$ cat model-v6.pdb   # PDB, C-alpha atoms
ATOM      1  CA  MET A 581      19.206  26.398   8.481  1.00  0.00           C
ATOM      2  CA  GLU A 582      21.601  26.231  11.410  1.00  0.00           C
ATOM      3  CA  ASN A 583      24.878  24.396  10.966  1.00  0.00           C
ATOM      4  CA  THR A 584      24.422  21.077  12.758  1.00  0.00           C
ATOM      5  CA  ASN A 585      25.639  17.559  12.069  1.00  0.00           C
ATOM      6  CA  LYS A 586      22.800  15.992  14.054  1.00  0.00           C
ATOM      7  CA  ARG A 587      20.777  13.450  12.109  1.00  0.00           C
ATOM      8  CA  VAL A 588      17.297  12.856  13.484  1.00  0.00           C
ATOM      9  CA  ASP A 589      13.870  11.692  12.407  1.00  0.00           C
ATOM     10  CA  PHE A 590      10.707  13.718  13.089  1.00  0.00           C
ATOM     11  CA  ASN A 591       7.525  11.643  13.338  1.00  0.00           C
ATOM     12  CA  ILE A 592       3.797  12.282  13.778  1.00  0.00           C
ATOM     13  CA  ASN A 593       0.641  10.149  13.920  1.00  0.00           C
ATOM     14  CA  LEU A 594      -1.962  10.050  11.159  1.00  0.00           C
ATOM     15  CA  ALA A 595      -5.528   8.689  10.953  1.00  0.00           C
ATOM     16  CA  GLN A 596      -6.003   9.260  14.676  1.00  0.00           C
ATOM     17  CA  SER A 597      -6.887  12.934  15.309  1.00  0.00           C
ATOM     18  CA  PHE A 598      -9.272  15.034  13.229  1.00  0.00           C
ATOM     19  CA  ASP A 599     -10.430  18.656  13.192  1.00  0.00           C
ATOM     20  CA  GLU A 600     -14.008  19.944  13.235  1.00  0.00           C
ATOM     21  CA  ASN A 601     -14.284  19.267   9.485  1.00  0.00           C
ATOM     22  CA  ASN A 602     -13.129  15.665   9.950  1.00  0.00           C
ATOM     23  CA  ILE A 603      -9.798  16.424   8.252  1.00  0.00           C
ATOM     24  CA  ASP A 604      -6.741  14.618   9.562  1.00  0.00           C
ATOM     25  CA  LYS A 605      -4.785  17.092  11.688  1.00  0.00           C
ATOM     26  CA  GLY A 606      -1.511  15.566  10.561  1.00  0.00           C
ATOM     27  CA  PHE A 607      -2.049  16.336   6.883  1.00  0.00           C
ATOM     28  CA  GLU A 608      -1.004  19.988   7.212  1.00  0.00           C
ATOM     29  CA  LEU A 609       2.137  18.953   9.121  1.00  0.00           C
ATOM     30  CA  ILE A 610       3.413  16.151   6.932  1.00  0.00           C
ATOM     31  CA  ASP A 611       5.794  18.351   4.920  1.00  0.00           C
ATOM     32  CA  PHE A 612       7.781  19.053   8.097  1.00  0.00           C
ATOM     33  CA  VAL A 613       8.384  15.449   9.210  1.00  0.00           C
ATOM     34  CA  SER A 614      10.312  12.511   7.805  1.00  0.00           C
ATOM     35  CA  SER A 615       8.150   9.606   8.952  1.00  0.00           C
ATOM     36  CA  VAL A 616       4.538   9.012   9.900  1.00  0.00           C
ATOM     37  CA  ASN A 617       2.774   6.461  12.069  1.00  0.00           C
ATOM     38  CA  ILE A 618      -0.567   5.480  10.589  1.00  0.00           C
ATOM     39  CA  SER A 619      -3.238   4.331  13.000  1.00  0.00           C
ATOM     40  CA  CYS A 620      -4.371   0.729  12.645  1.00  0.00           C
ATOM     41  CA  ALA A 621      -7.926  -0.468  13.193  1.00  0.00           C
ATOM     42  CA  ILE A 622      -7.642  -0.834  16.977  1.00  0.00           C
ATOM     43  CA  THR A 623      -6.278   2.683  17.547  1.00  0.00           C
ATOM     44  CA  GLY A 624      -9.419   4.438  16.351  1.00  0.00           C
ATOM     45  CA  GLY A 625      -8.508   4.831  12.714  1.00  0.00           C
ATOM     46  CA  CYS A 626     -11.436   3.886  10.489  1.00  0.00           C
ATOM     47  CA  PRO A 627     -10.635   2.068   7.207  1.00  0.00           C
ATOM     48  CA  ILE A 628     -11.240   5.100   4.965  1.00  0.00           C
ATOM     49  CA  ALA A 629      -9.029   7.285   7.187  1.00  0.00           C
ATOM     50  CA  ILE A 630      -6.243   4.706   7.009  1.00  0.00           C
ATOM     51  CA  LYS A 631      -6.594   4.466   3.231  1.00  0.00           C
ATOM     52  CA  LYS A 632      -6.434   8.258   2.807  1.00  0.00           C
ATOM     53  CA  ALA A 633      -3.419   8.511   5.112  1.00  0.00           C
ATOM     54  CA  VAL A 634      -1.516   5.857   3.168  1.00  0.00           C
ATOM     55  CA  GLU A 635      -2.319   7.538  -0.138  1.00  0.00           C
ATOM     56  CA  TYR A 636      -1.271  10.940   1.195  1.00  0.00           C
ATOM     57  CA  CYS A 637       2.022   9.546   2.467  1.00  0.00           C
ATOM     58  CA  LYS A 638       2.673   8.036  -0.948  1.00  0.00           C
ATOM     59  CA  PHE A 639       1.958  11.404  -2.602  1.00  0.00           C
ATOM     60  CA  LYS A 640       4.318  13.136  -0.155  1.00  0.00           C
ATOM     61  CA  SER A 641       6.969  10.356  -0.284  1.00  0.00           C
ATOM     62  CA  LYS A 642       6.988   9.852   3.485  1.00  0.00           C
ATOM     63  CA  GLU A 643       8.175   6.760   5.326  1.00  0.00           C
ATOM     64  CA  ILE A 644       5.235   4.852   6.795  1.00  0.00           C
ATOM     65  CA  GLY A 645       5.058   3.109  10.140  1.00  0.00           C
ATOM     66  CA  ALA A 646       2.275   1.155  11.831  1.00  0.00           C
ATOM     67  CA  LEU A 647       0.757   2.841  14.888  1.00  0.00           C
ATOM     68  CA  ILE A 648      -0.413  -0.004  17.121  1.00  0.00           C
ATOM     69  CA  SER A 649      -2.189  -0.048  20.476  1.00  0.00           C
ATOM     70  CA  LEU A 650      -4.141  -2.160  22.923  1.00  0.00           C
ATOM     71  CA  PRO A 651      -7.886  -2.720  22.571  1.00  0.00           C
ATOM     72  CA  GLU A 652      -9.989  -0.407  24.758  1.00  0.00           C
ATOM     73  CA  SER A 653     -11.143  -3.459  26.712  1.00  0.00           C
ATOM     74  CA  VAL A 654      -7.614  -3.970  28.076  1.00  0.00           C
ATOM     75  CA  SER A 655      -7.104  -1.932  31.247  1.00  0.00           C
ATOM     76  CA  ASP A 656      -4.147  -3.899  32.607  1.00  0.00           C
ATOM     77  CA  PRO A 657      -1.567  -4.568  29.881  1.00  0.00           C
ATOM     78  CA  PHE A 658       0.566  -6.651  32.235  1.00  0.00           C
ATOM     79  CA  SER A 659      -2.228  -9.191  32.565  1.00  0.00           C
ATOM     80  CA  LEU A 660      -1.774 -10.166  28.910  1.00  0.00           C
ATOM     81  CA  SER A 661       0.151 -13.281  27.950  1.00  0.00           C
ATOM     82  CA  GLU A 662       2.882 -13.184  25.314  1.00  0.00           C
ATOM     83  CA  GLU A 663       0.526 -15.021  22.966  1.00  0.00           C
ATOM     84  CA  GLU A 664      -2.189 -12.398  23.470  1.00  0.00           C
ATOM     85  CA  ILE A 665       0.268  -9.538  22.885  1.00  0.00           C
ATOM     86  CA  ALA A 666       1.487 -11.208  19.701  1.00  0.00           C
ATOM     87  CA  ALA A 667      -2.067 -11.634  18.405  1.00  0.00           C
ATOM     88  CA  ILE A 668      -2.881  -7.960  19.069  1.00  0.00           C
ATOM     89  CA  VAL A 669       0.284  -6.829  17.278  1.00  0.00           C
ATOM     90  CA  LEU A 670      -0.050  -9.140  14.280  1.00  0.00           C
ATOM     91  CA  TYR A 671      -3.718  -8.288  13.771  1.00  0.00           C
ATOM     92  CA  GLN A 672      -2.873  -4.601  13.418  1.00  0.00           C
ATOM     93  CA  LEU A 673       0.171  -5.118  11.214  1.00  0.00           C
ATOM     94  CA  GLY A 674      -1.991  -7.155   8.873  1.00  0.00           C
ATOM     95  CA  ALA A 675      -4.601  -4.395   8.759  1.00  0.00           C
ATOM     96  CA  ILE A 676      -2.226  -1.563   7.845  1.00  0.00           C
ATOM     97  CA  SER A 677      -0.237  -3.744   5.434  1.00  0.00           C
ATOM     98  CA  SER A 678      -3.340  -4.475   3.381  1.00  0.00           C
ATOM     99  CA  PHE A 679      -3.551  -0.757   2.582  1.00  0.00           C
ATOM    100  CA  THR A 680       0.169  -0.181   1.998  1.00  0.00           C
ATOM    101  CA  ARG A 681       0.459  -3.179  -0.311  1.00  0.00           C
ATOM    102  CA  ALA A 682      -2.544  -1.993  -2.313  1.00  0.00           C
ATOM    103  CA  ALA A 683      -0.635   1.269  -2.796  1.00  0.00           C
ATOM    104  CA  SER A 684       2.595  -0.603  -3.703  1.00  0.00           C
ATOM    105  CA  LEU A 685       4.219   0.521  -0.449  1.00  0.00           C
ATOM    106  CA  ASN A 686       5.681  -1.129   2.642  1.00  0.00           C
ATOM    107  CA  ILE A 687       5.629  -0.245   6.314  1.00  0.00           C
ATOM    108  CA  GLU A 688       9.127   0.475   7.608  1.00  0.00           C
ATOM    109  CA  HIS A 689       8.608   0.646  11.363  1.00  0.00           C
ATOM    110  CA  VAL A 690       6.178  -0.033  14.197  1.00  0.00           C
ATOM    111  CA  ARG A 691       5.305   2.434  16.944  1.00  0.00           C
ATOM    112  CA  PRO A 692       3.105   1.498  19.918  1.00  0.00           C
ATOM    113  CA  CYS A 693       0.897   4.243  21.324  1.00  0.00           C
ATOM    114  CA  GLY A 694      -1.169   4.995  24.405  1.00  0.00           C
ATOM    115  CA  LEU A 695      -1.210   2.401  27.169  1.00  0.00           C
ATOM    116  CA  MET A 696       0.806  -0.025  25.043  1.00  0.00           C
ATOM    117  CA  TYR A 697       3.588   2.557  24.641  1.00  0.00           C
ATOM    118  CA  GLN A 698       3.681   3.247  28.366  1.00  0.00           C
ATOM    119  CA  ALA A 699       3.741  -0.450  29.269  1.00  0.00           C
ATOM    120  CA  ALA A 700       6.556  -1.079  26.793  1.00  0.00           C
ATOM    121  CA  ALA A 701       8.554   1.781  28.326  1.00  0.00           C
ATOM    122  CA  GLN A 702       8.140   0.356  31.837  1.00  0.00           C
ATOM    123  CA  SER A 703       8.502  -3.400  31.322  1.00  0.00           C
ATOM    124  CA  LEU A 704      11.250  -5.213  29.431  1.00  0.00           C
ATOM    125  CA  ASP A 705       9.146  -8.386  29.213  1.00  0.00           C
ATOM    126  CA  PHE A 706       6.245  -6.477  27.676  1.00  0.00           C
ATOM    127  CA  SER A 707       8.530  -4.636  25.260  1.00  0.00           C
ATOM    128  CA  VAL A 708      10.253  -7.853  24.190  1.00  0.00           C
ATOM    129  CA  ALA A 709       6.864  -9.521  23.612  1.00  0.00           C
ATOM    130  CA  ILE A 710       5.946  -6.725  21.191  1.00  0.00           C
ATOM    131  CA  ALA A 711       9.336  -6.938  19.525  1.00  0.00           C
ATOM    132  CA  LYS A 712       9.091 -10.701  19.026  1.00  0.00           C
ATOM    133  CA  ALA A 713       5.671 -10.330  17.411  1.00  0.00           C
ATOM    134  CA  VAL A 714       6.949  -7.575  15.110  1.00  0.00           C
ATOM    135  CA  LYS A 715       9.923  -9.689  14.106  1.00  0.00           C
ATOM    136  CA  THR A 716       7.645 -12.657  13.435  1.00  0.00           C
ATOM    137  CA  TYR A 717       5.809 -10.474  10.940  1.00  0.00           C
ATOM    138  CA  SER A 718       8.992  -9.140   9.343  1.00  0.00           C
ATOM    139  CA  GLU A 719      12.602  -9.140  10.513  1.00  0.00           C
ATOM    140  CA  TRP A 720      13.163  -5.907   8.559  1.00  0.00           C
ATOM    141  CA  LEU A 721      10.785  -3.752  10.603  1.00  0.00           C
ATOM    142  CA  MET A 722      12.140  -1.263  13.123  1.00  0.00           C
ATOM    143  CA  LEU A 723      10.533  -0.830  16.546  1.00  0.00           C
ATOM    144  CA  TYR A 724      10.102   2.687  17.950  1.00  0.00           C
ATOM    145  CA  GLY A 725      10.113   3.067  21.720  1.00  0.00           C
ATOM    146  CA  ALA A 726      10.683   5.559  24.507  1.00  0.00           C
ATOM    147  CA  ALA A 727      14.383   6.422  24.778  1.00  0.00           C
ATOM    148  CA  GLY A 728      16.064   4.596  27.618  1.00  0.00           C
ATOM    149  CA  SER A 729      17.365   1.299  28.908  1.00  0.00           C
ATOM    150  CA  VAL A 730      14.230  -0.768  28.198  1.00  0.00           C
ATOM    151  CA  ILE A 731      14.172  -0.235  24.439  1.00  0.00           C
ATOM    152  CA  LYS A 732      17.954  -0.715  24.264  1.00  0.00           C
ATOM    153  CA  GLU A 733      17.704  -4.012  26.155  1.00  0.00           C
ATOM    154  CA  THR A 734      14.813  -5.000  23.890  1.00  0.00           C
ATOM    155  CA  GLU A 735      17.096  -4.547  20.886  1.00  0.00           C
ATOM    156  CA  ALA A 736      19.539  -7.087  22.288  1.00  0.00           C
ATOM    157  CA  ALA A 737      16.964  -9.501  23.707  1.00  0.00           C
ATOM    158  CA  ALA A 738      14.855  -9.728  20.542  1.00  0.00           C
ATOM    159  CA  ASN A 739      17.625  -9.008  18.029  1.00  0.00           C
ATOM    160  CA  ILE A 740      15.519  -6.301  16.410  1.00  0.00           C
ATOM    161  CA  ASN A 741      16.343  -2.864  15.028  1.00  0.00           C
ATOM    162  CA  ILE A 742      15.099  -0.110  17.323  1.00  0.00           C
ATOM    163  CA  ALA A 743      14.719   3.659  17.326  1.00  0.00           C
ATOM    164  CA  GLN A 744      14.901   5.559  20.606  1.00  0.00           C
ATOM    165  CA  GLU A 745      12.241   8.249  20.730  1.00  0.00           C
ATOM    166  CA  VAL A 746      11.927  11.543  22.576  1.00  0.00           C
ATOM    167  CA  LEU A 747       8.392  12.775  23.256  1.00  0.00           C
ATOM    168  CA  LEU A 748       8.839  16.507  22.922  1.00  0.00           C
ATOM    169  CA  ASN A 749       5.677  17.417  24.857  1.00  0.00           C
ATOM    170  CA  LYS A 750       6.229  15.050  27.806  1.00  0.00           C
ATOM    171  CA  LYS A 751       7.888  15.935  31.077  1.00  0.00           C
ATOM    172  CA  TYR A 752      10.947  13.892  32.034  1.00  0.00           C
ATOM    173  CA  ASN A 753      12.627  12.887  35.273  1.00  0.00           C
ATOM    174  CA  SER A 754      16.297  13.022  36.265  1.00  0.00           C
ATOM    175  CA  ASN A 755      16.863   9.566  34.744  1.00  0.00           C
ATOM    176  CA  ALA A 756      15.744  10.867  31.332  1.00  0.00           C
ATOM    177  CA  ALA A 757      12.552   8.790  31.515  1.00  0.00           C
ATOM    178  CA  ALA A 758       9.238  10.219  30.344  1.00  0.00           C
ATOM    179  CA  ASP A 759       6.674  10.932  33.062  1.00  0.00           C
ATOM    180  CA  PHE A 760       3.399   9.725  31.573  1.00  0.00           C
ATOM    181  CA  SER A 761       1.372  10.872  34.580  1.00  0.00           C
ATOM    182  CA  ALA A 762       2.332  14.551  34.226  1.00  0.00           C
ATOM    183  CA  GLU A 763       0.408  17.105  32.193  1.00  0.00           C
ATOM    184  CA  ASN A 764       1.694  17.599  28.649  1.00  0.00           C
ATOM    185  CA  ILE A 765       3.749  20.639  27.699  1.00  0.00           C
ATOM    186  CA  ASN A 766       1.691  22.712  25.261  1.00  0.00           C
ATOM    187  CA  SER A 767       3.630  25.978  25.017  1.00  0.00           C
ATOM    188  CA  SER A 768       5.266  26.411  21.602  1.00  0.00           C
ATOM    189  CA  GLU A 769       7.939  28.615  23.199  1.00  0.00           C
ATOM    190  CA  LEU A 770       8.853  25.928  25.739  1.00  0.00           C
ATOM    191  CA  LEU A 771       8.790  23.191  23.112  1.00  0.00           C
ATOM    192  CA  LEU A 772      11.162  25.113  20.856  1.00  0.00           C
ATOM    193  CA  SER A 773      13.504  25.904  23.723  1.00  0.00           C
ATOM    194  CA  ARG A 774      13.552  22.217  24.667  1.00  0.00           C
ATOM    195  CA  PHE A 775      14.086  21.207  21.040  1.00  0.00           C
ATOM    196  CA  ARG A 776      17.055  23.540  20.554  1.00  0.00           C
ATOM    197  CA  HIS A 777      18.754  22.273  23.703  1.00  0.00           C
ATOM    198  CA  LEU A 778      18.071  18.655  22.772  1.00  0.00           C
ATOM    199  CA  ILE A 779      19.589  19.049  19.313  1.00  0.00           C
ATOM    200  CA  SER A 780      22.611  20.989  20.544  1.00  0.00           C
ATOM    201  CA  ASN A 781      23.407  19.009  23.688  1.00  0.00           C
ATOM    202  CA  SER A 782      21.568  15.651  23.560  1.00  0.00           C
ATOM    203  CA  GLU A 783      19.961  16.596  26.872  1.00  0.00           C
ATOM    204  CA  ILE A 784      16.359  16.797  28.042  1.00  0.00           C
ATOM    205  CA  ASP A 785      15.208  19.146  30.795  1.00  0.00           C
ATOM    206  CA  TYR A 786      13.498  17.663  33.846  1.00  0.00           C
ATOM    207  CA  GLU A 787      13.399  20.798  35.986  1.00  0.00           C
ATOM    208  CA  GLU A 788      14.165  24.433  35.303  1.00  0.00           C
ATOM    209  CA  ASN A 789      17.848  24.616  34.297  1.00  0.00           C
ATOM    210  CA  GLU A 790      18.326  20.943  35.124  1.00  0.00           C
ATOM    211  CA  PHE A 791      19.113  18.514  32.293  1.00  0.00           C
ATOM    212  CA  ALA A 792      19.714  14.799  31.778  1.00  0.00           C
ATOM    213  CA  LYS A 793      21.664  13.189  28.951  1.00  0.00           C
ATOM    214  CA  ILE A 794      19.528  11.224  26.497  1.00  0.00           C
ATOM    215  CA  GLU A 795      20.258   9.100  23.428  1.00  0.00           C
ATOM    216  CA  TYR A 796      17.660   9.337  20.672  1.00  0.00           C
ATOM    217  CA  ASP A 797      17.025   8.633  17.001  1.00  0.00           C
ATOM    218  CA  THR A 798      13.607  10.193  16.510  1.00  0.00           C
ATOM    219  CA  ILE A 799      11.421  12.938  17.977  1.00  0.00           C
ATOM    220  CA  HIS A 800       7.668  12.535  18.234  1.00  0.00           C
ATOM    221  CA  PHE A 801       5.476  15.598  17.704  1.00  0.00           C
ATOM    222  CA  ASP A 802       1.895  15.387  19.014  1.00  0.00           C
ATOM    223  CA  VAL A 803      -0.475  16.691  16.309  1.00  0.00           C
ATOM    224  CA  ASN A 804      -2.841  17.966  19.027  1.00  0.00           C
ATOM    225  CA  THR A 805      -0.236  20.446  20.284  1.00  0.00           C
ATOM    226  CA  GLU A 806      -1.242  24.080  19.819  1.00  0.00           C
ATOM    227  CA  ASN A 807       0.644  25.944  17.067  1.00  0.00           C
ATOM    228  CA  LEU A 808       2.550  22.792  16.178  1.00  0.00           C
ATOM    229  CA  SER A 809       3.014  23.907  12.575  1.00  0.00           C
ATOM    230  CA  GLU A 810       5.039  26.891  13.801  1.00  0.00           C
ATOM    231  CA  VAL A 811       7.115  24.650  16.061  1.00  0.00           C
ATOM    232  CA  LEU A 812       7.843  22.263  13.206  1.00  0.00           C
ATOM    233  CA  LYS A 813       8.682  25.051  10.764  1.00  0.00           C
ATOM    234  CA  GLU A 814      11.289  26.434  13.136  1.00  0.00           C
ATOM    235  CA  ALA A 815      12.567  22.952  13.974  1.00  0.00           C
ATOM    236  CA  ASN A 816      13.126  22.351  10.253  1.00  0.00           C
ATOM    237  CA  GLY A 817      15.209  25.504  10.168  1.00  0.00           C
ATOM    238  CA  ILE A 818      17.498  24.038  12.820  1.00  0.00           C
ATOM    239  CA  VAL A 819      17.932  20.513  11.459  1.00  0.00           C
ATOM    240  CA  GLU A 820      16.635  18.712   8.368  1.00  0.00           C
ATOM    241  CA  PRO A 821      14.604  15.666   9.435  1.00  0.00           C
ATOM    242  CA  ARG A 822      15.517  12.335   7.858  1.00  0.00           C
ATOM    243  CA  PRO A 823      14.071   8.837   8.440  1.00  0.00           C
ATOM    244  CA  VAL A 824      15.862   6.697  11.010  1.00  0.00           C
ATOM    245  CA  ASN A 825      16.971   4.094   8.461  1.00  0.00           C
ATOM    246  CA  TYR A 826      18.540   6.801   6.308  1.00  0.00           C
ATOM    247  CA  ASN A 827      20.351   8.277   9.297  1.00  0.00           C
ATOM    248  CA  LYS A 828      21.778   4.916  10.342  1.00  0.00           C
ATOM    249  CA  VAL A 829      23.079   4.302   6.832  1.00  0.00           C
ATOM    250  CA  ALA A 830      24.463   7.835   6.643  1.00  0.00           C
ATOM    251  CA  ALA A 831      26.270   7.335   9.931  1.00  0.00           C
ATOM    252  CA  SER A 832      27.966   4.256   8.454  1.00  0.00           C
ATOM    253  CA  GLY A 833      29.354   6.371   5.622  1.00  0.00           C
ATOM    254  CA  TRP A 834      27.360   4.786   2.813  1.00  0.00           C
ATOM    255  CA  VAL A 835      25.628   8.032   1.856  1.00  0.00           C
ATOM    256  CA  GLU A 836      26.792  11.623   1.920  1.00  0.00           C
TER
END

$ encode --input "model-v6.pdb" --output "structure tokens"
Amino acid sequence: MENTNKRVDFNINLAQSFDENNIDKGFELIDFVSSVNISCAITGGCPIAIKKAVEYCKFKSKEIGALISLPESVSDPFSLSEEEIAAIVLYQLGAISSFTRAASLNIEHVRPCGLMYQAAAQSLDFSVAIAKAVKTYSEWLMLYGAAGSVIKETEAAANINIAQEVLLNKKYNSNAAADFSAENINSSELLLSRFRHLISNSEIDYEENEFAKIEYDTIHFDVNTENLSEVLKEANGIVEPRPVNYNKVAASGWVE
């Protein structure tokens, strides 16, 4: 393992993507990450898939987060009222918590996905509405969001703990903001090169040999990326992933 003092969380989604044998694609990757986001009912995860994911995370001692999203019927997230956003969030937190509590576990964080994630990255009002709903459910939950000014302002506006996230397979612009309209990066070689530079320099590339500074606490790895297991194996050789909460405590000097 390379000598680095960087503390960072690696996260993936579970109960959302399956192979041809209906096996969760994230299961073979879970040993290489420090936290997982388990799909709730709205995000396509069926009850048995959620149950299996929770049980597997317990077996592997992985931190669990709720992966929340908008219903498929919602095409314009900005048309939703704060009350509607809160209801969508709380419904999903209740669904995943029923499984974690049955397994004597707790969810530690909340991560939006899909259109909800994009809307939260673009609109402070939308992001704060999610944060308020999460905090209503539990003031101890952490909110994951795209690294940048919106999630940082959300932290202050809603008085909630946040984790700034880098999407390793997304293209970025010169302001270190993810470009959700661009095609995903799927080359393991490019992903590893980007990862090494990110860890060493806290910078993300937006053009060839052009980089922007970025603050981050966690890195999201898309389980649908080709050869992701090889990417994660090498990434683990560069830095040991740890959950965000652990890293924040470690930074305070409470743990070695």

$ closest_residue --input "model-v6.pdb" --among "A:Leu704, A:Leu772, A:Ala757, A:Ile799" --to "A:Lys813" --atoms "all atoms listed in the file"
A:Leu772

$ residues_around --input "model-v6.pdb" --residues "A:Ile676" --least-positions-apart "6" --cutoff "10 Å" --atoms "all atoms listed in the file" --output "JSON, numbers by chain"
{"A": [618, 619, 620, 621, 627, 630, 631, 634, 644, 645, 646, 647, 648, 686, 687]}

$ write_last_selection --input "model-v6.pdb" --atoms "C-alpha atoms" --output "short mmCIF file (atom, residue, chain, number, x, y, z; two decimals), keeping the file's coordinate frame"
data_model
loop_
_atom_site.label_atom_id
_atom_site.label_comp_id
_atom_site.auth_asym_id
_atom_site.auth_seq_id
_atom_site.Cartn_x
_atom_site.Cartn_y
_atom_site.Cartn_z
CA ILE A 618 -0.57 5.48 10.59
CA SER A 619 -3.24 4.33 13.00
CA CYS A 620 -4.37 0.73 12.64
CA ALA A 621 -7.93 -0.47 13.19
CA PRO A 627 -10.64 2.07 7.21
CA ILE A 630 -6.24 4.71 7.01
CA LYS A 631 -6.59 4.47 3.23
CA VAL A 634 -1.52 5.86 3.17
CA ILE A 644 5.24 4.85 6.80
CA GLY A 645 5.06 3.11 10.14
CA ALA A 646 2.28 1.16 11.83
CA LEU A 647 0.76 2.84 14.89
CA ILE A 648 -0.41 0.00 17.12
CA ASN A 686 5.68 -1.13 2.64
CA ILE A 687 5.63 -0.24 6.31
#

$ resolve_selection --input "model-v6.pdb" --expression "the PyMOL selection byres ((chain A and resi 727) around 7)" --output "count of residues only"
9

$ residues_near_point --input "model-v6.pdb" --point "(-6.4, 12.5, 17.1)" --cutoff "10 Å" --atoms "only C-alpha atoms" --output "VMD selection string"
chain A and resid 593 to 599 604 to 606 619 623 to 625 802 to 804

$ atom_distance --input "model-v6.pdb" --atom1 "atom CA of A:Tyr697" --atom2 "atom CA of A:Glu719"
20.4 Å

$ atom_distance --input "model-v6.pdb" --atom1 "atom CA of A:Asn741" --atom2 "atom CA of A:Leu723"
6.3 Å

$ atom_distance --input "model-v6.pdb" --atom1 "atom CA of A:Glu735" --atom2 "atom CA of A:Val690"
13.6 Å

$ residues_around --input "model-v6.pdb" --residues "stretch 776-783 of chain A" --least-positions-apart "2" --cutoff "6 Å" --atoms "all atoms listed in the file" --output "JSON, numbers by chain"
{"A": [773, 774, 791, 792, 793, 794]}

$ resolve_selection --input "model-v6.pdb" --expression "the PyMOL selection byres ((chain A and resi 766) around 10)" --output "list in words"
Leu748, Asn749, Lys750, Glu763, Asn764, Ile765, Ser767, Ser768, Glu769, Leu770, Leu771, Asp802, Asn804, Thr805, Glu806, Asn807 and Leu808 of chain A

$ resolve_selection --input "model-v6.pdb" --expression "the PyMOL selection byres ((chain A and resi 815) around 10)" --output "PyMOL selection string"
chain A and resi 581-582+590+612-613+771-772+775-776+779+809-814+816-821

$ closest_residue --input "model-v6.pdb" --among "A:Ala666, A:Ser718, A:Phe679, A:Tyr671" --to "A:Ile628" --atoms "all atoms listed in the file"
A:Phe679

$ closest_residue --input "model-v6.pdb" --among "A:Leu695, A:Phe706, A:Tyr717, A:Ile622" --to "A:Phe760" --atoms "only C-alpha atoms"
A:Leu695

$ closest_residue --input "model-v6.pdb" --among "A:Tyr636, A:Phe658, A:Tyr752, A:Trp720" --to "A:Glu608" --atoms "all atoms listed in the file"
A:Tyr636

$ build_atoms --input "model-v6.pdb" --residues "stretch 820-831 of chain A" --atoms "N, CA and C atoms" --output "PDB file, in the frame of the given file"
ATOM      1  N   GLU A 820      17.482  19.332   9.390  1.00  0.00           N
ATOM      2  CA  GLU A 820      16.635  18.712   8.368  1.00  0.00           C
ATOM      3  C   GLU A 820      16.275  17.295   8.809  1.00  0.00           C
ATOM      4  N   PRO A 821      14.990  17.008   8.997  1.00  0.00           N
ATOM      5  CA  PRO A 821      14.604  15.666   9.435  1.00  0.00           C
ATOM      6  C   PRO A 821      14.814  14.621   8.347  1.00  0.00           C
ATOM      7  N   ARG A 822      15.302  13.471   8.748  1.00  0.00           N
ATOM      8  CA  ARG A 822      15.517  12.335   7.858  1.00  0.00           C
ATOM      9  C   ARG A 822      15.044  11.071   8.559  1.00  0.00           C
ATOM     10  N   PRO A 823      14.517  10.086   7.811  1.00  0.00           N
ATOM     11  CA  PRO A 823      14.071   8.837   8.440  1.00  0.00           C
ATOM     12  C   PRO A 823      15.204   8.134   9.176  1.00  0.00           C
ATOM     13  N   VAL A 824      14.862   7.367  10.182  1.00  0.00           N
ATOM     14  CA  VAL A 824      15.862   6.697  11.010  1.00  0.00           C
ATOM     15  C   VAL A 824      16.758   5.795  10.173  1.00  0.00           C
ATOM     16  N   ASN A 825      16.173   5.009   9.286  1.00  0.00           N
ATOM     17  CA  ASN A 825      16.971   4.094   8.461  1.00  0.00           C
ATOM     18  C   ASN A 825      18.008   4.862   7.644  1.00  0.00           C
ATOM     19  N   TYR A 826      17.611   5.980   7.077  1.00  0.00           N
ATOM     20  CA  TYR A 826      18.540   6.801   6.308  1.00  0.00           C
ATOM     21  C   TYR A 826      19.678   7.290   7.202  1.00  0.00           C
ATOM     22  N   ASN A 827      19.344   7.745   8.388  1.00  0.00           N
ATOM     23  CA  ASN A 827      20.351   8.277   9.297  1.00  0.00           C
ATOM     24  C   ASN A 827      21.349   7.211   9.728  1.00  0.00           C
ATOM     25  N   LYS A 828      20.871   5.989   9.944  1.00  0.00           N
ATOM     26  CA  LYS A 828      21.778   4.916  10.342  1.00  0.00           C
ATOM     27  C   LYS A 828      22.724   4.548   9.207  1.00  0.00           C
ATOM     28  N   VAL A 829      22.219   4.574   7.988  1.00  0.00           N
ATOM     29  CA  VAL A 829      23.079   4.302   6.832  1.00  0.00           C
ATOM     30  C   VAL A 829      24.070   5.432   6.638  1.00  0.00           C
ATOM     31  N   ALA A 830      23.599   6.678   6.795  1.00  0.00           N
ATOM     32  CA  ALA A 830      24.463   7.835   6.643  1.00  0.00           C
ATOM     33  C   ALA A 830      25.591   7.794   7.670  1.00  0.00           C
ATOM     34  N   ALA A 831      25.262   7.394   8.880  1.00  0.00           N
ATOM     35  CA  ALA A 831      26.270   7.335   9.931  1.00  0.00           C
ATOM     36  C   ALA A 831      27.354   6.308   9.612  1.00  0.00           C
TER      37      ALA A 831
END
